[in-house]
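Taking it in order: structure first as structure tokens, then the write-up.
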Amino acid sequence: MRKKSLITGVAGLAALALAVSGCTPVAEEGGEFPENDIRLIIQADPGGGSDLSSRALATELENELGVSVIPENMPGASGAIAMEYVGEQAADGYTIGFAPVEVAMLNTTQNANVLPENYTFIGQIMLAPGVITVAADSPYETLEDLIAAGQDEALTVANSGAGSIWEAAALGINKEAGTQFTPVAYDGGATAVSAAASGEADAAVSGGGEAIAQGDAVRILGVMHDERLEQISDVPTFQEAIGADIQFGGWGGIYTTKDIPEDVRATLEEAVATSVESDSYKEFQENAGNLVVYKDSEEFTAFVNEQFELYKELLG
């Protein structure tokens with residue numbers, strides 16, 4: 001009888017403690033998050049920009065969280081398969097993903113079940129500012145030359161694929177500068193820049209790193225960012241060259257399922273914030289021709305919602 005009373009008393013105290021703790025859920029009963037390995041879902045094939053950025057961050061996250069962060073590639077449908085998958089997982093923080101700019105586009109371009117409201121956005125981790133490139137022997141020597149020609153006649157502008165950020169960038173230039181650029185889809189940004197280098201397309205829109213990698217085969221005419229890029233500091237921004245504030249970039253961040261516990265979100269946010277400040281992560285992004293751009297959870301959430309409305313208007 002005494003043993004039974006003791007057990008009953010402990011159970012009562014546990015119930016009381018649970019009631020006092022309020023309604024905030026916890027990821028794993030009996031311990032602090034994280035206790036288990038974390039999966040990092042990547043929406044692209046191995047070797048691309050999203051994959052490499054994700055893996056670089058995963059290494060740093062392991063140091064911060066004290067558990068393994070395991071990258072898993074889940075390509076398909078321009079990223080929709082991976083993003084829908086992440087949205088369907090348990091709201092415990094143990095499945096996170098790399099969120100590219102397409103997370104704000106796929107509902108519009110593919111009617112995919114990829115909506116900002118389906119996720120918890122942890123933080124932005126990088127930005128690949130867009131550039132516009134022509135062949136080294138192109139008659140268009142400056143951005144002004146290319147824009148003026150595009151206002152007079154239709155020009156082909158290669159991009160990384162239908163519904164991609166770089167197709168949207170070409171359409172955005174048309175809207176802001178009155179050009180008649182015809183987007184032409186290729187299999188990836190590097191291939192698109194190669195098409196411009198060979199003269200197969202009049203120009204290409206891509207990430208800065210993909211254009212820089214082509215070396216002397218291309219001439220980079222303009223940067224779609226509010227500042228010049230350090231690696232190509234002689235190339236003007238669109239604002240500087242033509243007086244139009246045209247900014248497009250292949251940004252990326254970390255996200256997870258909606259409605260995760262607040263303490264779990266805070267732990268992930270702190271780990272991401274610290275990781276992007278590490279010397280090794282900064283060096284990786286610099287070598288890749290990208291910028292380390294961090295936004296915290298609140299800022300990143302607002303940014304994704306703004307981008308969603310932008311691309312709905314531009315691509316809808």
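We label chains A, B, ... in the order they appear in the structure tokens, count residues from 1 in each chain, and number ligands from 1 in the order shown.
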Listing only residues of stretch 153-189 of chain A within 12 Å of stretch 47-59 of chain A, what is the closest atom pair and its distance in Å (to one decimal) for each, using only C-alpha atoms, sorted by chain and residue number ascending, as JSON lines?
{"residue": "A:Asp187", "atom": "CA", "partner": "A:Gly48", "partner_atom": "CA", "distance": 11.9}
{"residue": "A:Gly188", "atom": "CA", "partner": "A:Gly48", "partner_atom": "CA", "distance": 9.1}
{"residue": "A:Gly189", "atom": "CA", "partner": "A:Gly48", "partner_atom": "CA", "distance": 10.0}
May I have the residues from that selection written out with C-alpha atoms, as a PDB file, in the first residue's frame?
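And here is the file that came out, result_19.pdb:
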ATOM      1  CA  ASP A 187      19.085  22.925 -67.696  1.00  0.00           C
ATOM      2  CA  GLY A 188      20.728  24.991 -64.979  1.00  0.00           C
ATOM      3  CA  GLY A 189      22.394  28.357 -64.641  1.00  0.00           C
TER       4      GLY A 189
END
8 Å contact set for stretch 80-92 of chain A, only C-alpha atoms, chain neighbours under 6 positions out, as a JSON list (two decimals) with C-alpha atoms, in the first residue's frame:
[["chain", "number", "residue", "atom", "x", "y", "z"],
["A", 26, "VAL", "CA", 7.80, 20.04, -26.38],
["A", 27, "ALA", "CA", 9.69, 18.17, -29.05],
["A", 28, "GLU", "CA", 10.73, 15.14, -26.99],
["A", 41, "ILE", "CA", 16.03, 17.87, -46.83],
["A", 42, "ILE", "CA", 17.58, 19.37, -49.98],
["A", 43, "GLN", "CA", 15.26, 19.99, -52.91],
["A", 74, "MET", "CA", 14.97, 14.93, -52.64],
["A", 99, "ALA", "CA", 14.29, 26.77, -48.67],
["A", 103, "VAL", "CA", 9.45, 28.30, -52.06],
["A", 106, "LEU", "CA", 5.94, 27.18, -56.86],
["A", 112, "ALA", "CA", 1.98, 23.17, -55.81],
["A", 113, "ASN", "CA", 0.92, 22.99, -52.18],
["A", 114, "VAL", "CA", 3.87, 25.20, -51.25],
["A", 118, "ASN", "CA", 2.66, 25.80, -44.37],
["A", 119, "TYR", "CA", 6.06, 26.30, -42.76],
["A", 256, "THR", "CA", 10.69, 23.34, -41.12],
["A", 257, "THR", "CA", 7.14, 22.25, -40.49],
["A", 258, "LYS", "CA", 4.64, 24.77, -39.15],
["A", 259, "ASP", "CA", 3.56, 24.85, -35.50],
["A", 260, "ILE", "CA", 6.81, 23.55, -34.01],
["A", 261, "PRO", "CA", 7.32, 24.27, -30.31],
["A", 264, "VAL", "CA", 12.60, 24.22, -30.63]]
* To do: Compare A:Gly150, A:Gly289, A:Pro100, A:Pro116 by their minimum atom-to-atom distance to A:Glu306, counting only C-alpha atoms, and give me the closest one.
  => A:Pro116
* Minimum-distance residue to A:Glu167, chosen among A:Pro183, A:Gly76, A:Gly207, A:Gly243 (using only C-alpha atoms) ->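 That would be A:Pro183, the residue with the smallest distance to A:Glu167.
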For stretch 157-160 of chain A: contacts at 9 Å, only C-alpha atoms, fewer than 2 positions along chain excluded, given as a PDB file with C-alpha atoms, in the first residue's frame:
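Listing of around.pdb after writing:
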ATOM      1  CA  ILE A 132      23.234  39.472 -66.807  1.00  0.00           C
ATOM      2  CA  LEU A 155      16.438  39.374 -77.655  1.00  0.00           C
ATOM      3  CA  ALA A 162      11.010  27.419 -66.780  1.00  0.00           C
ATOM      4  CA  GLY A 163       9.547  28.896 -63.610  1.00  0.00           C
ATOM      5  CA  SER A 164      12.997  29.526 -62.124  1.00  0.00           C
ATOM      6  CA  ILE A 165      14.166  32.672 -60.372  1.00  0.00           C
ATOM      7  CA  TRP A 166      16.263  33.577 -63.410  1.00  0.00           C
ATOM      8  CA  GLU A 167      13.313  33.347 -65.793  1.00  0.00           C
ATOM      9  CA  ALA A 169      14.429  38.011 -63.412  1.00  0.00           C
ATOM     10  CA  ALA A 170      14.295  38.337 -67.203  1.00  0.00           C
ATOM     11  CA  PHE A 181      13.672  39.872 -73.577  1.00  0.00           C
ATOM     12  CA  THR A 182      12.442  36.395 -74.529  1.00  0.00           C
ATOM     13  CA  PRO A 183      13.350  33.918 -71.756  1.00  0.00           C
ATOM     14  CA  VAL A 184      14.828  30.642 -73.018  1.00  0.00           C
ATOM     15  CA  ALA A 185      15.014  27.764 -70.535  1.00  0.00           C
ATOM     16  CA  TYR A 186      18.153  25.676 -70.122  1.00  0.00           C
ATOM     17  CA  ASP A 187      19.085  22.925 -67.696  1.00  0.00           C
ATOM     18  CA  GLY A 188      20.728  24.991 -64.979  1.00  0.00           C
ATOM     19  CA  GLY A 189      22.394  28.357 -64.641  1.00  0.00           C
ATOM     20  CA  ALA A 190      25.834  27.218 -65.816  1.00  0.00           C
ATOM     21  CA  THR A 191      24.345  25.813 -69.023  1.00  0.00           C
ATOM     22  CA  ALA A 192      22.442  29.034 -69.600  1.00  0.00           C
ATOM     23  CA  VAL A 193      25.614  31.117 -69.281  1.00  0.00           C
ATOM     24  CA  ALA A 195      24.594  29.395 -74.204  1.00  0.00           C
ATOM     25  CA  ALA A 196      25.285  33.113 -74.004  1.00  0.00           C
ATOM     26  CA  GLU A 200      23.350  30.583 -78.893  1.00  0.00           C
ATOM     27  CA  ALA A 201      21.453  33.167 -76.825  1.00  0.00           C
ATOM     28  CA  ASP A 202      21.904  36.931 -76.878  1.00  0.00           C
ATOM     29  CA  ALA A 203      22.414  37.040 -73.125  1.00  0.00           C
ATOM     30  CA  ALA A 204      21.930  35.019 -69.945  1.00  0.00           C
ATOM     31  CA  VAL A 205      20.617  35.716 -66.474  1.00  0.00           C
ATOM     32  CA  SER A 206      22.165  33.629 -63.702  1.00  0.00           C
TER      33      SER A 206
END
Sorted per-residue table, stretch 119-176 of chain A near stretch 301-304 of chain A, closest atoms and distance, 9 Å, only C-alpha atoms, as a tab-separated table:
residue	atom	partner	partner_atom	distance
A:Thr120	CA	A:Thr301	CA	7.7
A:Phe121	CA	A:Thr301	CA	5.6
A:Ile122	CA	A:Thr301	CA	8.0
A:Gly123	CA	A:Thr301	CA	8.1
* Asked: How would you write, as number ranges by chain, the set of residues in stretch 137-181 of chain A that DSSP gives as strand (DSSP E)?
  -> A: 155-159, 181
Dump as a short mmCIF file (atom, residue, chain, number, x, y, z; two decimals), in the first residue's frame, selection limited to all heavy atoms:
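Printed below is part_8.cif as written:
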data_model
loop_
_atom_site.label_atom_id
_atom_site.label_comp_id
_atom_site.auth_asym_id
_atom_site.auth_seq_id
_atom_site.Cartn_x
_atom_site.Cartn_y
_atom_site.Cartn_z
N LEU A 155 15.16 40.06 -77.84
CA LEU A 155 16.44 39.37 -77.66
C LEU A 155 16.21 38.13 -76.81
O LEU A 155 15.39 38.12 -75.89
CB LEU A 155 17.45 40.28 -76.95
CG LEU A 155 17.83 41.59 -77.65
CD1 LEU A 155 18.83 42.36 -76.78
CD2 LEU A 155 18.42 41.33 -79.03
N THR A 156 16.95 37.06 -77.12
CA THR A 156 16.83 35.84 -76.35
C THR A 156 17.73 35.91 -75.13
O THR A 156 18.91 36.29 -75.23
CB THR A 156 17.20 34.61 -77.19
OG1 THR A 156 18.52 34.78 -77.73
CG2 THR A 156 16.21 34.42 -78.32
N VAL A 157 17.17 35.57 -73.98
CA VAL A 157 17.92 35.60 -72.72
C VAL A 157 17.79 34.23 -72.05
O VAL A 157 16.70 33.82 -71.64
CB VAL A 157 17.41 36.72 -71.79
CG1 VAL A 157 18.17 36.69 -70.47
CG2 VAL A 157 17.58 38.08 -72.46
N ALA A 158 18.90 33.52 -71.95
CA ALA A 158 18.90 32.18 -71.38
C ALA A 158 18.74 32.24 -69.87
O ALA A 158 19.16 33.19 -69.21
CB ALA A 158 20.21 31.48 -71.74
N ASN A 159 18.10 31.20 -69.31
CA ASN A 159 17.93 31.10 -67.86
C ASN A 159 18.02 29.64 -67.44
O ASN A 159 18.15 28.75 -68.28
CB ASN A 159 16.61 31.73 -67.42
CG ASN A 159 15.41 31.02 -67.98
OD1 ASN A 159 15.08 29.91 -67.58
ND2 ASN A 159 14.74 31.63 -68.96
N PHE A 181 12.88 41.09 -73.77
CA PHE A 181 13.67 39.87 -73.58
C PHE A 181 12.75 38.65 -73.66
O PHE A 181 11.71 38.61 -73.01
CB PHE A 181 14.38 39.89 -72.24
CG PHE A 181 15.49 40.90 -72.14
CD1 PHE A 181 15.99 41.28 -70.90
CD2 PHE A 181 16.05 41.48 -73.27
CE1 PHE A 181 17.03 42.20 -70.80
CE2 PHE A 181 17.08 42.41 -73.18
CZ PHE A 181 17.57 42.76 -71.94
#
